file query_37.txt (compact mmCIF, C-alpha atoms)
# COMPACT_ATOMS: atom_id res chain seq x y z
CA MET A 1 13.41 1.82 -21.66
CA SER A 2 11.52 5.12 -21.63
CA THR A 3 11.80 7.49 -24.56
CA THR A 4 14.81 9.22 -22.96
CA SER A 5 17.60 7.91 -20.74
CA LYS A 6 15.79 9.27 -17.69
CA ARG A 7 13.93 6.52 -15.89
CA THR A 8 10.20 6.92 -15.32
CA ALA A 9 8.19 6.00 -12.23
CA LEU A 10 4.48 6.00 -11.42
CA VAL A 11 3.37 6.31 -7.79
CA THR A 12 -0.28 5.80 -6.85
CA GLY A 13 -1.92 7.21 -3.74
CA ALA A 14 0.47 10.14 -3.89
CA SER A 15 -1.80 12.82 -2.40
CA SER A 16 -0.60 12.21 1.16
CA GLY A 17 1.43 10.05 3.53
CA MET A 18 3.80 7.43 2.20
CA GLY A 19 2.83 7.96 -1.44
CA LYS A 20 3.69 11.64 -1.34
CA GLU A 21 7.04 10.99 0.35
CA ILE A 22 7.88 8.17 -2.06
CA ALA A 23 7.22 10.49 -4.99
CA LYS A 24 9.40 13.22 -3.50
CA ARG A 25 12.25 10.78 -2.97
CA LEU A 26 12.07 9.39 -6.50
CA ILE A 27 12.09 12.94 -7.91
CA LYS A 28 15.18 13.61 -5.82
CA ASP A 29 16.73 10.41 -7.14
CA GLY A 30 16.39 11.74 -10.68
CA PHE A 31 13.33 9.87 -11.90
CA ARG A 32 10.71 11.35 -14.16
CA VAL A 33 7.75 10.84 -11.82
CA TYR A 34 4.06 10.48 -12.53
CA VAL A 35 1.81 10.71 -9.49
CA ALA A 36 -1.79 9.57 -9.30
CA ALA A 37 -4.62 10.10 -6.82
CA ARG A 38 -8.28 11.08 -6.71
CA SER A 39 -7.48 14.58 -5.44
CA VAL A 40 -5.12 16.17 -7.96
CA GLU A 41 -5.05 19.45 -6.04
CA LYS A 42 -3.43 17.67 -3.09
CA MET A 43 -0.47 16.90 -5.34
CA ASP A 44 0.23 20.51 -6.34
CA ASP A 45 3.41 20.47 -4.25
CA LEU A 46 4.64 17.46 -6.21
CA ALA A 47 3.83 19.22 -9.47
CA ARG A 48 5.98 22.14 -8.36
CA LEU A 49 8.82 19.67 -7.80
CA GLY A 50 8.45 18.42 -11.36
CA ALA A 51 5.98 15.53 -11.08
CA ARG A 52 3.27 14.95 -13.68
CA THR A 53 -0.05 14.68 -11.85
CA LEU A 54 -2.84 12.35 -12.94
CA ARG A 55 -6.36 12.12 -11.60
CA MET A 56 -7.07 8.49 -10.81
CA ASP A 57 -9.62 6.72 -8.68
CA ILE A 58 -7.93 3.33 -8.41
CA SER A 59 -11.33 1.63 -8.14
CA ARG A 60 -12.47 2.95 -11.56
CA ASP A 61 -11.23 1.12 -14.63
CA ALA A 62 -11.86 4.15 -16.86
CA ASP A 63 -9.55 6.27 -14.69
CA ILE A 64 -6.85 3.61 -14.70
CA THR A 65 -6.91 3.08 -18.45
CA ALA A 66 -6.92 6.83 -19.13
CA ALA A 67 -3.90 7.40 -16.88
CA VAL A 68 -1.98 4.55 -18.48
CA GLN A 69 -2.77 5.83 -21.97
CA THR A 70 -1.43 9.27 -21.01
CA ILE A 71 1.82 7.72 -19.82
CA LEU A 72 2.16 5.51 -22.90
CA ASP A 73 1.52 8.48 -25.19
CA GLU A 74 4.03 10.72 -23.42
CA VAL A 75 6.91 8.43 -22.43
CA ASP A 76 6.07 4.95 -23.76
CA GLY A 77 5.73 3.28 -20.38
CA VAL A 78 7.34 3.22 -16.96
CA ASP A 79 10.45 1.67 -15.48
CA VAL A 80 9.07 1.63 -11.94
CA LEU A 81 5.50 1.15 -10.75
CA VAL A 82 4.77 1.81 -7.07
CA ASN A 83 1.35 0.44 -6.13
CA ASN A 84 0.80 2.41 -2.95
CA ALA A 85 -2.86 3.45 -3.08
CA GLY A 86 -4.98 1.89 -0.36
CA PHE A 87 -7.06 2.44 2.76
CA GLY A 88 -8.09 0.60 5.91
CA LEU A 89 -11.64 -0.67 6.40
CA TYR A 90 -12.13 -1.77 9.99
CA GLY A 91 -15.22 -3.12 11.70
CA PRO A 92 -16.83 -6.35 12.89
CA VAL A 93 -17.38 -8.77 10.02
CA GLU A 94 -21.06 -8.88 10.95
CA ASP A 95 -21.41 -5.11 10.61
CA VAL A 96 -19.41 -4.44 7.44
CA SER A 97 -21.55 -4.76 4.33
CA ILE A 98 -20.33 -6.99 1.52
CA ASP A 99 -20.41 -3.96 -0.81
CA GLU A 100 -18.00 -2.15 1.51
CA ALA A 101 -15.79 -5.24 1.66
CA ARG A 102 -15.76 -5.49 -2.13
CA TYR A 103 -14.71 -1.85 -2.37
CA GLN A 104 -11.85 -2.54 0.04
CA PHE A 105 -10.64 -5.25 -2.34
CA GLU A 106 -11.14 -2.99 -5.37
CA VAL A 107 -8.85 -0.33 -3.91
CA ASN A 108 -6.26 -2.47 -2.12
CA LEU A 109 -5.93 -5.33 -4.60
CA PHE A 110 -7.84 -5.23 -7.87
CA GLY A 111 -6.93 -1.62 -8.72
CA ALA A 112 -3.24 -2.38 -8.34
CA ALA A 113 -3.69 -5.57 -10.34
CA ARG A 114 -5.43 -3.79 -13.21
CA LEU A 115 -2.84 -1.03 -13.35
CA THR A 116 -0.07 -3.61 -13.36
CA GLN A 117 -1.73 -5.56 -16.18
CA LEU A 118 -1.89 -2.47 -18.38
CA LEU A 119 1.73 -1.46 -17.81
CA LEU A 120 3.24 -4.93 -18.05
CA PRO A 121 3.31 -5.38 -21.84
CA ASN A 122 5.71 -2.45 -22.22
CA MET A 123 7.94 -3.72 -19.40
CA ARG A 124 7.88 -7.23 -20.80
CA GLU A 125 8.86 -6.05 -24.28
CA ARG A 126 11.78 -4.12 -22.81
CA ARG A 127 12.61 -7.04 -20.49
CA SER A 128 13.12 -4.73 -17.54
CA GLY A 129 11.23 -2.90 -14.81
CA THR A 130 10.43 -2.96 -11.12
CA ILE A 131 6.99 -3.29 -9.53
CA VAL A 132 6.79 -2.24 -5.90
CA ASN A 133 3.68 -3.30 -3.98
CA VAL A 134 3.16 -1.52 -0.68
CA THR A 135 1.35 -3.95 1.60
CA SER A 136 1.72 -3.71 5.37
CA MET A 137 2.87 -5.69 8.36
CA GLY A 138 -0.88 -6.37 8.25
CA GLY A 139 -0.18 -8.69 5.34
CA LYS A 140 1.57 -11.05 7.73
CA ILE A 141 -0.31 -10.48 10.98
CA TYR A 142 -3.82 -9.52 12.08
CA THR A 143 -5.47 -7.09 14.48
CA LEU A 144 -8.85 -6.75 16.10
CA LEU A 145 -11.74 -5.78 13.81
CA GLY A 146 -9.45 -5.65 10.77
CA ALA A 147 -10.74 -8.75 8.96
CA TRP A 148 -11.41 -7.12 5.60
CA TYR A 149 -8.33 -4.90 5.65
CA HIS A 150 -6.04 -7.80 6.52
CA ALA A 151 -7.73 -10.00 3.93
CA THR A 152 -6.73 -7.53 1.20
CA LYS A 153 -3.16 -7.19 2.46
CA HIS A 154 -2.69 -10.95 2.80
CA ALA A 155 -4.07 -11.29 -0.73
CA LEU A 156 -1.69 -8.65 -2.10
CA GLU A 157 1.24 -10.51 -0.52
CA GLY A 158 0.32 -13.79 -2.20
CA TRP A 159 -0.46 -12.09 -5.50
CA SER A 160 2.95 -10.39 -5.42
CA ASP A 161 4.77 -13.67 -4.80
CA CYS A 162 3.13 -15.33 -7.80
CA LEU A 163 3.75 -12.25 -9.94
CA ARG A 164 7.43 -12.25 -8.99
CA LEU A 165 7.87 -15.81 -10.27
CA GLU A 166 6.03 -15.35 -13.55
CA LEU A 167 7.81 -12.10 -14.43
CA ALA A 168 11.34 -13.22 -13.53
CA PRO A 169 11.99 -14.70 -17.01
CA PHE A 170 11.32 -11.24 -18.47
CA GLY A 171 13.77 -9.43 -16.20
CA ILE A 172 11.00 -7.67 -14.26
CA LYS A 173 11.46 -7.43 -10.50
CA VAL A 174 8.61 -7.52 -7.97
CA VAL A 175 9.21 -6.10 -4.50
CA VAL A 176 6.93 -6.06 -1.46
CA ILE A 177 7.19 -3.28 1.15
CA GLU A 178 5.72 -4.11 4.57
CA PRO A 179 5.45 -0.91 6.63
CA GLY A 180 4.70 -0.94 10.32
CA LEU A 181 3.05 1.88 12.24
CA ILE A 182 3.59 4.97 10.09
CA GLU A 183 2.72 8.53 11.08
CA THR A 184 -0.19 9.21 8.75
CA GLY A 185 -3.88 9.99 9.12
CA PHE A 186 -4.68 6.26 9.10
CA GLY A 187 -5.55 6.08 12.80
CA ASP A 188 -8.17 8.82 12.86
CA VAL A 189 -9.81 7.58 9.68
CA VAL A 190 -10.02 4.01 10.98
CA ALA A 191 -11.29 5.08 14.40
CA LYS A 192 -14.02 7.31 12.97
CA GLY A 193 -15.24 4.58 10.64
CA LEU A 194 -15.30 2.10 13.51
CA LEU A 195 -17.35 4.30 15.79
CA ASP A 196 -19.75 5.37 13.05
CA ARG A 197 -20.39 1.78 12.09
CA SER A 198 -20.29 -0.13 15.38
CA GLY A 199 -20.02 2.37 18.22
CA THR A 200 -23.27 0.99 19.59
CA GLY A 201 -24.70 -2.51 19.51
CA PRO A 202 -23.24 -5.90 20.39
CA TYR A 203 -19.67 -4.96 19.42
CA ALA A 204 -19.71 -1.50 21.03
CA LYS A 205 -17.30 -2.26 23.88
CA LEU A 206 -14.73 -3.86 21.60
CA THR A 207 -15.18 -1.17 18.95
CA GLN A 208 -14.65 1.67 21.40
CA ALA A 209 -11.52 0.01 22.78
CA VAL A 210 -10.04 -0.55 19.32
CA ALA A 211 -10.89 3.01 18.24
CA LYS A 212 -9.15 4.43 21.31
CA SER A 213 -6.04 2.29 20.91
CA THR A 214 -5.84 3.13 17.21
CA ARG A 215 -6.10 6.86 17.82
CA ASP A 216 -3.51 6.62 20.59
CA ALA A 217 -1.08 4.77 18.32
CA TYR A 218 -1.24 7.03 15.25
CA GLY A 219 -0.56 10.71 14.80
CA ARG A 220 1.02 11.26 18.20
CA GLY A 221 4.65 11.02 17.17
CA ARG A 222 4.81 7.39 18.22
CA GLY A 223 5.17 5.91 14.75
CA THR A 224 7.71 6.03 11.96
CA LYS A 225 7.80 9.00 9.59
CA PRO A 226 6.64 8.26 6.02
CA ASP A 227 9.96 9.39 4.56
CA VAL A 228 11.59 6.31 6.10
CA ILE A 229 9.45 4.13 3.84
CA ALA A 230 10.33 6.41 0.92
CA GLY A 231 13.98 5.67 1.60
CA VAL A 232 13.28 1.94 1.56
CA VAL A 233 11.49 2.19 -1.79
CA SER A 234 14.38 4.26 -3.16
CA ARG A 235 16.91 1.59 -2.20
CA ALA A 236 14.75 -1.18 -3.63
CA VAL A 237 14.24 0.40 -7.06
CA ARG A 238 17.91 1.34 -7.38
CA ALA A 239 19.21 -2.10 -6.38
CA ALA A 240 20.45 -4.43 -9.12
CA LYS A 241 19.05 -7.35 -7.14
CA PRO A 242 16.50 -6.07 -4.60
CA ARG A 243 15.19 -8.21 -1.80
CA THR A 244 11.76 -9.72 -2.33
CA ARG A 245 10.51 -8.04 0.86
CA TYR A 246 11.45 -5.04 2.96
CA VAL A 247 10.04 -4.78 6.48
CA SER A 248 10.30 -1.28 7.93
CA GLY A 249 8.63 0.94 10.49
CA LYS A 250 7.71 0.72 14.14
CA TYR A 251 6.42 -2.64 15.40
CA ALA A 252 6.61 -4.32 11.98
CA LEU A 253 9.52 -6.70 12.49
CA PRO A 254 8.79 -7.71 16.12
CA MET A 255 5.09 -8.26 15.44
CA ILE A 256 5.78 -10.40 12.37
CA LYS A 257 8.36 -12.43 14.30
CA ILE A 258 6.12 -12.94 17.34
CA ARG A 259 3.47 -14.54 15.17
CA ALA A 260 5.92 -16.55 13.07
CA TRP A 261 7.94 -17.87 16.02
CA LEU A 262 5.41 -18.19 18.83
CA GLY A 263 2.27 -19.08 16.91
CA ASP A 264 -1.29 -17.86 16.69
CA ARG A 265 -2.39 -18.46 20.30
CA VAL A 266 0.43 -16.38 21.75
CA PHE A 267 -0.15 -13.71 19.12
CA ASP A 268 -3.87 -13.68 19.98
CA ARG A 269 -2.99 -12.93 23.60
CA VAL A 270 -0.60 -10.15 22.58
CA ILE A 271 -3.30 -8.48 20.48
CA MET A 272 -6.03 -8.86 23.10
CA SER A 273 -3.75 -7.49 25.81
CA GLN A 274 -3.73 -4.12 24.06
CA MET A 275 -7.47 -3.75 24.66
CA ARG A 276 -7.32 -3.74 28.46
call {"tool": "encode", "arguments": {"input": "query_37.txt", "output": "structure tokens"}}
result
Amino acid sequence: MSTTSKRTALVTGASSGMGKEIAKRLIKDGFRVYVAARSVEKMDDLARLGARTLRMDISRDADITAAVQTILDEVDGVDVLVNNAGFGLYGPVEDVSIDEARYQFEVNLFGAARLTQLLLPNMRERRSGTIVNVTSMGGKIYTLLGAWYHATKHALEGWSDCLRLELAPFGIKVVVIEPGLIETGFGDVVAKGLLDRSGTGPYAKLTQAVAKSTRDAYGRGRGTKPDVIAGVVSRAVRAAKPRTRYVSGKYALPMIKIRAWLGDRVFDRVIMSQMR
């Protein structure tokens, strides 16, 4: 375990939204918490609560390795890793450049994978630890113009399942969190990117409809508060035998069940009906 009896956690993407609330909850639960994000100044409130802040661009290997080395030097590893950093790239497949798509994978999948690789040897030697991967209901379903975003979330789901099996012999748990519609800045960011990229041209009508529906859905008090997801993560990391998946947040469970039970054609109609 860590150098003292106090358990250590690392939370990525902790400058806002779910990551910030997860960090707050783990601090409250008594963890020694490291928090990482590109904007360290946005984590000053967490520092005041006792968190150790680290500057990390999850798409840069140098940043990841430096952060891990700091943790290894100070506390000899972590007991809990929460891979939360991520963003949503939306747009018609035809309009999104392959470089942009690659960056989406770097942030949502490969960054988490690299960080996990670097922290695993310590966990494996201790034969304990919990890795929490925050995916999305978008890892099980799909939405209009979200091809690249959903591709990363589906990939993270499959990657997590394989990781869970290979780490089980070492006593390391792997948990997937699948949030639904959460009250964050996600909607405005996605909508702006959509309109900037494809607000005119052959996909303009569809783009404008998706941008409007996305803005209407997020940030208007219609979603679930991020602290609900923080509570789910807290329960998962404190459980002796956590579930492999936790579905939480508005729309997540019904949307996943509609697709699973009624099939793709019915789900297609449900998604398209929101654009009228």
call {"tool": "atom_distance", "arguments": {"input": "query_37.txt", "atom1": "CA of Arg243 (chain A)", "atom2": "CA of Arg126 (chain A)"}}
result
21.7 Å
call {"tool": "closest_atom_pairs", "arguments": {"input": "query_37.txt", "of": "region 109-223 of chain A", "to": "region 256-268 of chain A", "cutoff": "10 Å", "atoms": "all atoms listed in the file", "output": "tab-separated table"}}
result
residue	atom	partner	partner_atom	distance
A:Met137	CA	A:Ile256	CA	6.8
A:Gly138	CA	A:Ile256	CA	8.8
A:Gly139	CA	A:Ile256	CA	9.4
A:Lys140	CA	A:Ile256	CA	6.3
A:Ile141	CA	A:Ile256	CA	6.2
A:Tyr142	CA	A:Asp268	CA	8.9
A:Thr143	CA	A:Asp268	CA	8.7
A:Leu144	CA	A:Asp268	CA	9.4
A:Gly180	CA	A:Ile256	CA	9.7
call {"tool": "closest_residue", "arguments": {"input": "query_37.txt", "among": "A:Lys192, A:Lys28, A:Arg235, A:Arg38", "to": "Gly88 (chain A)", "atoms": "all atoms listed in the file"}}
result
A:Lys192
call {"tool": "atom_distance", "arguments": {"input": "query_37.txt", "atom1": "CA of Asp63 (chain A)", "atom2": "CA of Met123 (chain A)"}}
result
20.7 Å
call {"tool": "closest_residue", "arguments": {"input": "query_37.txt", "among": "A:Ala66, A:Met43, A:Leu118, A:Leu156", "to": "Gly86 (chain A)", "atoms": "only C-alpha atoms"}}
result
A:Leu156
call {"tool": "axis_aligned_box", "arguments": {"input": "query_37.txt", "around": "region 77-90 of chain A", "padding_each_side": "3 Å", "output": "AutoDock Vina command-line options"}}
result
--center_x -0.8 --center_y 0.8 --center_z -5.2 --size_x 28.6 --size_y 11.2 --size_z 36.4
call {"tool": "residues_near_point", "arguments": {"input": "query_37.txt", "point": "(-7.4, 0.3, -15.0)", "cutoff": "7 Å", "atoms": "all atoms listed in the file", "output": "VMD selection string"}}
result
chain A and resid 60 to 65 111 114 to 115
call {"tool": "residues_around", "arguments": {"input": "query_37.txt", "residues": "Val237 (chain A)", "least_positions_apart": "3", "cutoff": "10 Å", "atoms": "all atoms listed in the file", "output": "list in words"}}
result
Ala9, Leu26, Asp79, Val80, Leu81, Val82, Gly129, Thr130, Ile131, Val132, Lys173, Val174, Val175, Val232, Val233, Ser234, Ala240, Lys241 and Pro242 of chain A
call {"tool": "residues_around", "arguments": {"input": "query_37.txt", "residues": "Lys6 (chain A)", "least_positions_apart": "5", "cutoff": "8 Å", "atoms": "all atoms listed in the file", "output": "number ranges by chain"}}
result
A: 30-32
call {"tool": "closest_residue", "arguments": {"input": "query_37.txt", "among": "A:Thr224, A:Ser198, A:Gln104, A:Ser59", "to": "Ala147 (chain A)", "atoms": "all atoms listed in the file"}}
result
A:Gln104
call {"tool": "residues_around", "arguments": {"input": "query_37.txt", "residues": "Ala230 (chain A)", "least_positions_apart": "6", "cutoff": "10 Å", "atoms": "all atoms listed in the file", "output": "number ranges by chain"}}
result
A: 17-26, 236
call {"tool": "atom_distance", "arguments": {"input": "query_37.txt", "atom1": "CA of Thr12 (chain A)", "atom2": "CA of Met56 (chain A)"}}
result
8.3 Å
call {"tool": "residues_near_point", "arguments": {"input": "query_37.txt", "point": "(5.7, 7.6, 6.8)", "cutoff": "7 Å", "atoms": "all atoms listed in the file", "output": "PyMOL selection string"}}
result
chain A and resi 17-18+182-184+224-229
call {"tool": "closest_residue", "arguments": {"input": "query_37.txt", "among": "A:Ser136, A:Asp76, A:Ala113, A:Leu89", "to": "Trp159 (chain A)", "atoms": "all atoms listed in the file"}}
result
A:Ala113
call {"tool": "build_atoms", "arguments": {"input": "query_37.txt", "residues": "region 22-33 of chain A", "atoms": "all heavy atoms", "output": "PDB file, keeping the file's coordinate frame"}}
result
ATOM      1  N   ILE A  22       7.229   9.017  -1.063  1.00  0.00           N
ATOM      2  CA  ILE A  22       7.880   8.170  -2.060  1.00  0.00           C
ATOM      3  C   ILE A  22       8.107   8.957  -3.348  1.00  0.00           C
ATOM      4  O   ILE A  22       9.187   8.902  -3.952  1.00  0.00           O
ATOM      5  CB  ILE A  22       7.050   6.897  -2.329  1.00  0.00           C
ATOM      6  CG1 ILE A  22       7.070   5.976  -1.103  1.00  0.00           C
ATOM      7  CG2 ILE A  22       7.575   6.151  -3.563  1.00  0.00           C
ATOM      8  CD1 ILE A  22       6.042   4.869  -1.149  1.00  0.00           C
ATOM      9  N   ALA A  23       7.094   9.687  -3.775  1.00  0.00           N
ATOM     10  CA  ALA A  23       7.220  10.490  -4.990  1.00  0.00           C
ATOM     11  C   ALA A  23       8.332  11.528  -4.848  1.00  0.00           C
ATOM     12  O   ALA A  23       9.156  11.708  -5.762  1.00  0.00           O
ATOM     13  CB  ALA A  23       5.888  11.168  -5.303  1.00  0.00           C
ATOM     14  N   LYS A  24       8.357  12.220  -3.723  1.00  0.00           N
ATOM     15  CA  LYS A  24       9.400  13.220  -3.500  1.00  0.00           C
ATOM     16  C   LYS A  24      10.794  12.604  -3.582  1.00  0.00           C
ATOM     17  O   LYS A  24      11.719  13.173  -4.173  1.00  0.00           O
ATOM     18  CB  LYS A  24       9.220  13.888  -2.125  1.00  0.00           C
ATOM     19  CG  LYS A  24       8.043  14.828  -2.017  1.00  0.00           C
ATOM     20  CD  LYS A  24       7.947  15.394  -0.601  1.00  0.00           C
ATOM     21  CE  LYS A  24       6.772  16.330  -0.450  1.00  0.00           C
ATOM     22  NZ  LYS A  24       6.650  16.828   0.955  1.00  0.00           N
ATOM     23  N   ARG A  25      10.930  11.433  -2.978  1.00  0.00           N
ATOM     24  CA  ARG A  25      12.250  10.780  -2.970  1.00  0.00           C
ATOM     25  C   ARG A  25      12.660  10.344  -4.375  1.00  0.00           C
ATOM     26  O   ARG A  25      13.821  10.504  -4.773  1.00  0.00           O
ATOM     27  CB  ARG A  25      12.219   9.576  -2.024  1.00  0.00           C
ATOM     28  CG  ARG A  25      13.560   8.849  -1.921  1.00  0.00           C
ATOM     29  CD  ARG A  25      14.679   9.792  -1.471  1.00  0.00           C
ATOM     30  NE  ARG A  25      15.953   9.113  -1.469  1.00  0.00           N
ATOM     31  CZ  ARG A  25      16.489   8.567  -0.366  1.00  0.00           C
ATOM     32  NH1 ARG A  25      15.832   8.628   0.791  1.00  0.00           N
ATOM     33  NH2 ARG A  25      17.656   7.968  -0.414  1.00  0.00           N
ATOM     34  N   LEU A  26      11.727   9.828  -5.151  1.00  0.00           N
ATOM     35  CA  LEU A  26      12.070   9.390  -6.500  1.00  0.00           C
ATOM     36  C   LEU A  26      12.402  10.587  -7.399  1.00  0.00           C
ATOM     37  O   LEU A  26      13.270  10.493  -8.269  1.00  0.00           O
ATOM     38  CB  LEU A  26      10.936   8.566  -7.096  1.00  0.00           C
ATOM     39  CG  LEU A  26      10.689   7.206  -6.415  1.00  0.00           C
ATOM     40  CD1 LEU A  26       9.536   6.475  -7.090  1.00  0.00           C
ATOM     41  CD2 LEU A  26      11.944   6.343  -6.415  1.00  0.00           C
ATOM     42  N   ILE A  27      11.725  11.712  -7.189  1.00  0.00           N
ATOM     43  CA  ILE A  27      12.090  12.940  -7.910  1.00  0.00           C
ATOM     44  C   ILE A  27      13.519  13.331  -7.567  1.00  0.00           C
ATOM     45  O   ILE A  27      14.332  13.643  -8.441  1.00  0.00           O
ATOM     46  CB  ILE A  27      11.118  14.080  -7.577  1.00  0.00           C
ATOM     47  CG1 ILE A  27       9.717  13.778  -8.131  1.00  0.00           C
ATOM     48  CG2 ILE A  27      11.629  15.410  -8.135  1.00  0.00           C
ATOM     49  CD1 ILE A  27       8.644  14.718  -7.627  1.00  0.00           C
ATOM     50  N   LYS A  28      13.827  13.282  -6.280  1.00  0.00           N
ATOM     51  CA  LYS A  28      15.180  13.610  -5.820  1.00  0.00           C
ATOM     52  C   LYS A  28      16.208  12.662  -6.400  1.00  0.00           C
ATOM     53  O   LYS A  28      17.355  13.054  -6.694  1.00  0.00           O
ATOM     54  CB  LYS A  28      15.219  13.567  -4.285  1.00  0.00           C
ATOM     55  CG  LYS A  28      16.548  13.986  -3.683  1.00  0.00           C
ATOM     56  CD  LYS A  28      16.487  13.954  -2.163  1.00  0.00           C
ATOM     57  CE  LYS A  28      17.831  14.355  -1.558  1.00  0.00           C
ATOM     58  NZ  LYS A  28      17.778  14.303  -0.063  1.00  0.00           N
ATOM     59  N   ASP A  29      15.817  11.419  -6.587  1.00  0.00           N
ATOM     60  CA  ASP A  29      16.730  10.410  -7.140  1.00  0.00           C
ATOM     61  C   ASP A  29      16.936  10.555  -8.642  1.00  0.00           C
ATOM     62  O   ASP A  29      17.723   9.821  -9.242  1.00  0.00           O
ATOM     63  CB  ASP A  29      16.197   9.002  -6.860  1.00  0.00           C
ATOM     64  CG  ASP A  29      16.327   8.605  -5.395  1.00  0.00           C
ATOM     65  OD1 ASP A  29      17.072   9.272  -4.658  1.00  0.00           O
ATOM     66  OD2 ASP A  29      15.668   7.619  -5.003  1.00  0.00           O
ATOM     67  N   GLY A  30      16.192  11.485  -9.251  1.00  0.00           N
ATOM     68  CA  GLY A  30      16.390  11.740 -10.680  1.00  0.00           C
ATOM     69  C   GLY A  30      15.403  11.080 -11.605  1.00  0.00           C
ATOM     70  O   GLY A  30      15.571  11.130 -12.833  1.00  0.00           O
ATOM     71  N   PHE A  31      14.361  10.478 -11.058  1.00  0.00           N
ATOM     72  CA  PHE A  31      13.330   9.870 -11.900  1.00  0.00           C
ATOM     73  C   PHE A  31      12.407  10.930 -12.491  1.00  0.00           C
ATOM     74  O   PHE A  31      12.175  11.977 -11.885  1.00  0.00           O
ATOM     75  CB  PHE A  31      12.468   8.905 -11.081  1.00  0.00           C
ATOM     76  CG  PHE A  31      13.105   7.566 -10.803  1.00  0.00           C
ATOM     77  CD1 PHE A  31      13.995   7.409  -9.754  1.00  0.00           C
ATOM     78  CD2 PHE A  31      12.804   6.462 -11.590  1.00  0.00           C
ATOM     79  CE1 PHE A  31      14.576   6.184  -9.490  1.00  0.00           C
ATOM     80  CE2 PHE A  31      13.376   5.237 -11.328  1.00  0.00           C
ATOM     81  CZ  PHE A  31      14.273   5.086 -10.282  1.00  0.00           C
ATOM     82  N   ARG A  32      11.872  10.637 -13.655  1.00  0.00           N
ATOM     83  CA  ARG A  32      10.710  11.350 -14.160  1.00  0.00           C
ATOM     84  C   ARG A  32       9.525  10.683 -13.453  1.00  0.00           C
ATOM     85  O   ARG A  32       9.297   9.482 -13.599  1.00  0.00           O
ATOM     86  CB  ARG A  32      10.576  11.183 -15.665  1.00  0.00           C
ATOM     87  CG  ARG A  32       9.334  11.838 -16.244  1.00  0.00           C
ATOM     88  CD  ARG A  32       9.051  11.371 -17.659  1.00  0.00           C
ATOM     89  NE  ARG A  32      10.085  11.767 -18.604  1.00  0.00           N
ATOM     90  CZ  ARG A  32      10.972  10.937 -19.140  1.00  0.00           C
ATOM     91  NH1 ARG A  32      10.970   9.652 -18.817  1.00  0.00           N
ATOM     92  NH2 ARG A  32      11.876  11.365 -20.000  1.00  0.00           N
ATOM     93  N   VAL A  33       8.751  11.446 -12.688  1.00  0.00           N
ATOM     94  CA  VAL A  33       7.750  10.840 -11.820  1.00  0.00           C
ATOM     95  C   VAL A  33       6.337  11.268 -12.196  1.00  0.00           C
ATOM     96  O   VAL A  33       6.033  12.464 -12.291  1.00  0.00           O
ATOM     97  CB  VAL A  33       8.021  11.189 -10.335  1.00  0.00           C
ATOM     98  CG1 VAL A  33       6.925  10.608  -9.439  1.00  0.00           C
ATOM     99  CG2 VAL A  33       9.382  10.651  -9.904  1.00  0.00           C
TER     100      VAL A  33
END
